[in-house]
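Colleague: Mind looking over this structure? Questions follow.
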Amino acid sequence: MNTTDTIIEDDQWDQIIEPRGKLLDLNLKEVWRYRDLLWLFVKRDFTAQYKQTILGPLWHFIQPIFTTVMFLLVFGKIANIPTDGIEAIPFYMSGIAIWNYFSSCLTATSNTFVANAGIFGKVYFPRLVIPLSTVMSNIVKFGIQFLLLLAVMAWYGYQTGHFHFASTWLLLPLLVLMMAGLGLGLGIIISSLTTKYRDFNVLISFAVQLLMYASPVVYPLSFLKGKSYAAWIAWNPLTPIVEAFRFALFGRGTVDTAGLLFSGGFIVIVLFLGMLIFSKVERTFMDTV
Amino acid sequence: MSDIVIKVENISKQYRLGTVGTGSLAHDLNRTWYRMRGKEDPYLKIGEANDRTVKGSSEYVWALKDINFEVKQGEVLGIIGRNGAGKSTLLKILSRTTTPTTGKIKIKGRVASLLEVGTGFHPELSGRENIFLNGAILGMTRHEIKSKFDEIVDFAGVERYIDTPVKRYSSGMYVRLAFGVAAHLEPEILIVDEVLAVGDIEFQKKALGKMKDVSTKEGRTVLFVSHNLSSLKSLCTKGLLLINGEVVSEGSINSTINEYEKRISKRLDSQWVNKFDRDNAIYLDSVYILDSDQFQRTNFLTSEDVFIKFKIEVKQPHKYVKVGFDLIRNNEIAFRSQQVDAGNISSFDVGKFSLTCVVPGNLLNEGTYSVKPQFSIHCVKNLVTTDEYVAEFNVKMDTTLTEFHAVLHENNHPGNLFPVLKWEVIEI
């Protein structure tokens, strides 16, 4: 940073504003400079949501509990879909926790430009801060649901002796990170595509719902063995992550390294592509949003 | 070595009018097709100057066209122009909320822009939380905000409410807090858009004072947009006049403001010809504003006489005819005057007549006056159907009258009239 009293060479400008930036202008350094803002947005998202509620963050328990009960009834009792030898309640809860994290990351970040046009139009800061903060504040909500899951597992463990801490648990942070990356990457691509033409916005919430049924959330992958459409489900990059999440927690599931590597590669490409499109769109989206 | 901190080179900005839909999709596809073949954007060649009052033929307008200027370290540049002249677009490009269509801007130092106060304020968060959030949005680190926190709270005068959600604040407190955060930014270059036009008079003075400190005492470079010419005059060192997206004049703030006023006053009409009522047996033909040499004019000094001349045509003799006008300033009638007030003739035979009223010097205050004709047969019939103000003229303070007049203008000398009356001063 130049101070005002240093002599600056004629060509040494701090900033050059041009119609089109460099192709690979990801500006991650600037995002790092605004890390305080990132943190404050996370805090804002979280505190603002529970102002004037009595139960506060406890509301995060309500939604997964009811969804679990629903799944238990519909998929467990009525459809009789097996749960890979895992107790039904922790099975559904784990699926819901990791799935909710993905879907909330995706739906919230896919709205970045349109929802924040007010701020974006008035002041400059690296736009990527907003979707990043969304992903981070959702991790808090995921954490709360995960704690609930742990409590349920502890109770089952005490009753049946099934669950205990295993070294596979060390995989969990990586899997959560993968989900975050996928949600963020897809989200910013969609938000970039929807600044001018909003058609995708109509699609997104409904597509996320459908995508859940294409991922092993309410059924285990092993249930599909030998079925003709199993290969299609396996190509879904979410499938290995959800299965691995259960495997890491319960020690049961269909996980192979190739699948995880495929998901990882997919995420890296989506994230890179997303940031590329995002950084291109953020420069002029105010004119078209 | 050079002390230029902002260098704007050939900046243009094109906007497309109308709505986004399939039509714009066709243009987008066409644009992509041209770009893929390595050709220039075909829509850049078209586009019109951005005069919003006339109907254009092109969907594309240039909000800014080939803007060039430089700002030196420590200068306070006032950007002047009518609504829609491109001022805000220019500030938006400088503050990086949008990019130019063509051209380049080079900047030295950290820029903070204040296009609005309280950007990102969240109604549910407390004053304290919002100070940190807003400060960070404007580019301050948490450390910087912490060190300024007490000053900000003090400046805004909201100490008691600091842990209350800002949605419970009065609008004045809200604005003071928001401006307080902004005023304590410490960038090398500050971009300000009309944010001082909020709050009460006392706060505006405080804000203006703070702005002045920022520029003069702390030596920062400031770009300032305002419609308030007197605050521009007191703050800025240089001026830039934009008209329809082009730089028309650049130089000292006083010369730029003069140029602006000259351009604006051109729009005032010293002459009006009545297009209605011409079939009547008696009608008002036209109204003129003249100076003492009988030339049409729209700019006068307070010390000068203003002549308002009416021409009427009479086809049938009429009695009790009243010709006159309301003189209007700031939407208030300053006074009404009619030829019968002074006992002049009110019966007219067939023919054309001219009636001239002399508004003497040292009666009007500084400002813009409009003439609304009054023309009637006494207690019988109104003869003008128009409700418009037909002619307008500007009056400027004659600052040479006394040494006290030198600092007077319409903002610090209230009243629709400023008659120089007789005063007796005696020792008792």
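Chains: A, B, ... in order of the structure tokens. Residues: from 1 per chain. Ligands: from 1, in order shown.
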Give me the residues within 7 Å of segment 107-114 of chain A as a list in words, counting only C-alpha atoms and dropping any in the same chain fewer than 3 places off.

Modeller: Ser103, Ser104, Ala117, Ile130, Pro131, Thr134, Leu184, Gly187, Ile188, Ile190, Ser191, Thr195, Ser205 and Val289 of chain A

Colleague: Dump N, CA, C and O atoms for the selected residues as a compact mmCIF listing (two decimals), in the first residue's frame?

Modeller:
# COMPACT_ATOMS: atom_id res chain seq x y z
N SER A 103 -27.84 -28.43 0.21
CA SER A 103 -28.94 -27.72 -0.47
C SER A 103 -29.05 -26.28 0.03
O SER A 103 -29.34 -25.38 -0.75
N SER A 104 -28.76 -26.04 1.32
CA SER A 104 -28.86 -24.66 1.76
C SER A 104 -27.71 -23.82 1.21
O SER A 104 -27.89 -22.65 0.88
N ALA A 117 -28.08 -7.02 -4.63
CA ALA A 117 -27.89 -5.94 -5.60
C ALA A 117 -27.83 -4.58 -4.90
O ALA A 117 -27.09 -3.70 -5.32
N ILE A 130 -19.57 -12.67 -0.18
CA ILE A 130 -20.96 -13.00 0.18
C ILE A 130 -21.24 -14.50 0.09
O ILE A 130 -21.65 -15.10 1.08
N PRO A 131 -21.01 -15.16 -1.07
CA PRO A 131 -21.27 -16.60 -1.08
C PRO A 131 -20.39 -17.37 -0.10
O PRO A 131 -20.86 -18.35 0.51
N THR A 134 -21.98 -17.16 3.20
CA THR A 134 -23.18 -18.00 3.25
C THR A 134 -22.80 -19.44 3.58
O THR A 134 -23.40 -20.08 4.44
N LEU A 184 -21.10 -24.36 -3.16
CA LEU A 184 -20.60 -23.03 -3.52
C LEU A 184 -20.38 -22.91 -5.02
O LEU A 184 -20.83 -21.96 -5.66
N GLY A 187 -23.59 -23.02 -6.88
CA GLY A 187 -24.36 -21.83 -6.51
C GLY A 187 -23.89 -20.59 -7.22
O GLY A 187 -24.69 -19.83 -7.78
N ILE A 188 -22.57 -20.37 -7.25
CA ILE A 188 -22.10 -19.14 -7.90
C ILE A 188 -22.23 -19.23 -9.42
O ILE A 188 -22.41 -18.21 -10.07
N ILE A 190 -24.79 -20.65 -10.90
CA ILE A 190 -26.20 -20.31 -11.14
C ILE A 190 -26.45 -18.82 -10.90
O ILE A 190 -27.12 -18.15 -11.68
N SER A 191 -25.85 -18.28 -9.82
CA SER A 191 -26.09 -16.87 -9.56
C SER A 191 -25.53 -16.00 -10.68
O SER A 191 -26.09 -14.97 -11.01
N THR A 195 -28.19 -13.39 -13.41
CA THR A 195 -28.28 -11.94 -13.21
C THR A 195 -29.12 -11.30 -14.31
O THR A 195 -29.89 -10.41 -14.06
N SER A 205 -35.03 -24.38 -6.90
CA SER A 205 -35.49 -25.00 -5.65
C SER A 205 -36.10 -26.37 -5.95
O SER A 205 -35.96 -27.32 -5.19
N VAL A 289 -28.85 -6.50 -13.71
CA VAL A 289 -29.56 -7.26 -12.68
C VAL A 289 -31.00 -6.77 -12.56
O VAL A 289 -31.29 -5.61 -12.81

Colleague: If you run DSSP on the backbone, which residues of segment 127-269 of chain B are alpha helix (DSSP H), as an MDAnalysis selection string?

Modeller: chainID B and resid 127:137 142:156 171:183 201:212 229:235 253:265

Colleague: Would you save the residues from that selection as a short mmCIF file (atom, residue, chain, number, x, y, z; two decimals), in the first residue's frame, using C-alpha atoms?

Modeller:
data_model
loop_
_atom_site.label_atom_id
_atom_site.label_comp_id
_atom_site.auth_asym_id
_atom_site.auth_seq_id
_atom_site.Cartn_x
_atom_site.Cartn_y
_atom_site.Cartn_z
CA GLY B 127 -25.75 0.09 16.57
CA ARG B 128 -22.50 -1.44 17.74
CA GLU B 129 -22.75 -4.44 15.42
CA ASN B 130 -23.75 -2.22 12.53
CA ILE B 131 -20.76 0.07 13.01
CA PHE B 132 -18.46 -2.90 12.59
CA LEU B 133 -20.41 -4.35 9.68
CA ASN B 134 -20.75 -1.08 7.80
CA GLY B 135 -17.14 -0.15 8.46
CA ALA B 136 -15.97 -3.47 7.08
CA ILE B 137 -18.18 -3.09 4.00
CA ARG B 142 -11.77 -4.59 12.45
CA HIS B 143 -8.76 -3.08 14.09
CA GLU B 144 -9.30 0.30 12.41
CA ILE B 145 -12.95 0.35 13.39
CA LYS B 146 -12.16 -0.52 16.97
CA SER B 147 -9.76 2.38 17.26
CA LYS B 148 -12.34 4.78 15.81
CA PHE B 149 -15.35 3.33 17.59
CA ASP B 150 -15.65 5.90 20.38
CA GLU B 151 -15.19 8.77 17.96
CA ILE B 152 -17.95 7.44 15.72
CA VAL B 153 -20.40 7.00 18.58
CA ASP B 154 -19.54 10.45 19.82
CA PHE B 155 -19.96 12.01 16.38
CA ALA B 156 -23.35 10.37 15.93
CA SER B 171 -34.35 8.30 11.15
CA GLY B 172 -32.07 11.14 12.24
CA MET B 173 -30.08 8.90 14.58
CA TYR B 174 -29.83 6.29 11.88
CA VAL B 175 -28.41 8.73 9.38
CA ARG B 176 -26.01 10.25 11.91
CA LEU B 177 -24.65 6.86 12.85
CA ALA B 178 -24.29 5.85 9.22
CA PHE B 179 -22.56 9.06 8.28
CA GLY B 180 -20.39 8.81 11.38
CA VAL B 181 -18.96 5.51 10.19
CA ALA B 182 -18.35 6.87 6.72
CA ALA B 183 -16.78 10.07 7.97
CA ILE B 201 -29.61 21.61 9.12
CA GLU B 202 -27.43 21.20 12.19
CA PHE B 203 -26.30 17.78 11.07
CA GLN B 204 -25.67 18.95 7.54
CA LYS B 205 -23.40 21.65 8.88
CA LYS B 206 -21.57 19.10 10.99
CA ALA B 207 -21.21 16.75 8.04
CA LEU B 208 -20.01 19.53 5.78
CA GLY B 209 -17.49 20.58 8.41
CA LYS B 210 -16.23 17.03 8.66
CA MET B 211 -15.88 16.85 4.89
CA LYS B 212 -13.93 20.05 4.93
CA LEU B 229 -23.95 24.88 -5.35
CA SER B 230 -23.10 26.70 -2.16
CA SER B 231 -21.71 23.59 -0.48
CA LEU B 232 -19.80 22.78 -3.65
CA LYS B 233 -18.40 26.27 -3.63
CA SER B 234 -17.28 26.07 -0.04
CA LEU B 235 -15.78 22.57 -0.28
CA ILE B 253 -14.86 25.54 -9.01
CA ASN B 254 -16.06 29.09 -9.47
CA SER B 255 -15.65 29.14 -13.22
CA THR B 256 -17.32 25.75 -13.52
CA ILE B 257 -20.28 26.85 -11.44
CA ASN B 258 -20.59 30.01 -13.51
CA GLU B 259 -20.57 27.97 -16.67
CA TYR B 260 -23.21 25.67 -15.21
CA GLU B 261 -25.43 28.56 -14.25
CA LYS B 262 -25.05 30.08 -17.66
CA ARG B 263 -26.09 26.82 -19.30
CA ILE B 264 -28.99 26.35 -16.97
CA SER B 265 -30.25 29.89 -17.31
#

Colleague: May I ask you to extract the residues of chain B within 9 Å of chain A, using only C-alpha atoms, and to give them as a VMD selection string?

Modeller: chain B and resid 1 to 5 15 to 16 20 to 21 25 73 92 to 110 112 to 116 119 to 120 122 to 125 129 132 to 142 188 220

Colleague: Applying 8 Å and only C-alpha atoms, which residues near Leu128 of chain A remain after dropping the ones on its own chain fewer than 4 positions away? List them as a compact mmCIF listing (two decimals) with all heavy atoms, in the first residue's frame.

Modeller:
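Just written: selection26.txt:
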# COMPACT_ATOMS: atom_id res chain seq x y z
N VAL A 31 -9.91 -11.05 -1.41
CA VAL A 31 -10.86 -11.70 -0.52
C VAL A 31 -10.23 -11.87 0.86
O VAL A 31 -10.86 -11.63 1.89
CB VAL A 31 -11.31 -13.07 -1.08
CG1 VAL A 31 -12.19 -13.80 -0.08
CG2 VAL A 31 -12.04 -12.89 -2.40
N LEU A 132 -19.16 -16.92 0.10
CA LEU A 132 -18.30 -17.61 1.07
C LEU A 132 -18.89 -17.50 2.47
O LEU A 132 -18.90 -18.47 3.23
CB LEU A 132 -16.89 -16.99 1.06
CG LEU A 132 -15.97 -17.46 -0.06
CD1 LEU A 132 -14.67 -16.69 -0.02
CD2 LEU A 132 -15.71 -18.95 0.06
N PHE A 278 -18.01 -16.15 -12.18
CA PHE A 278 -18.42 -15.19 -11.15
C PHE A 278 -17.60 -13.90 -11.26
O PHE A 278 -18.14 -12.80 -11.25
CB PHE A 278 -18.21 -15.82 -9.78
CG PHE A 278 -18.81 -15.06 -8.64
CD1 PHE A 278 -20.14 -15.26 -8.28
CD2 PHE A 278 -18.06 -14.17 -7.90
CE1 PHE A 278 -20.70 -14.58 -7.22
CE2 PHE A 278 -18.62 -13.47 -6.84
CZ PHE A 278 -19.95 -13.69 -6.50
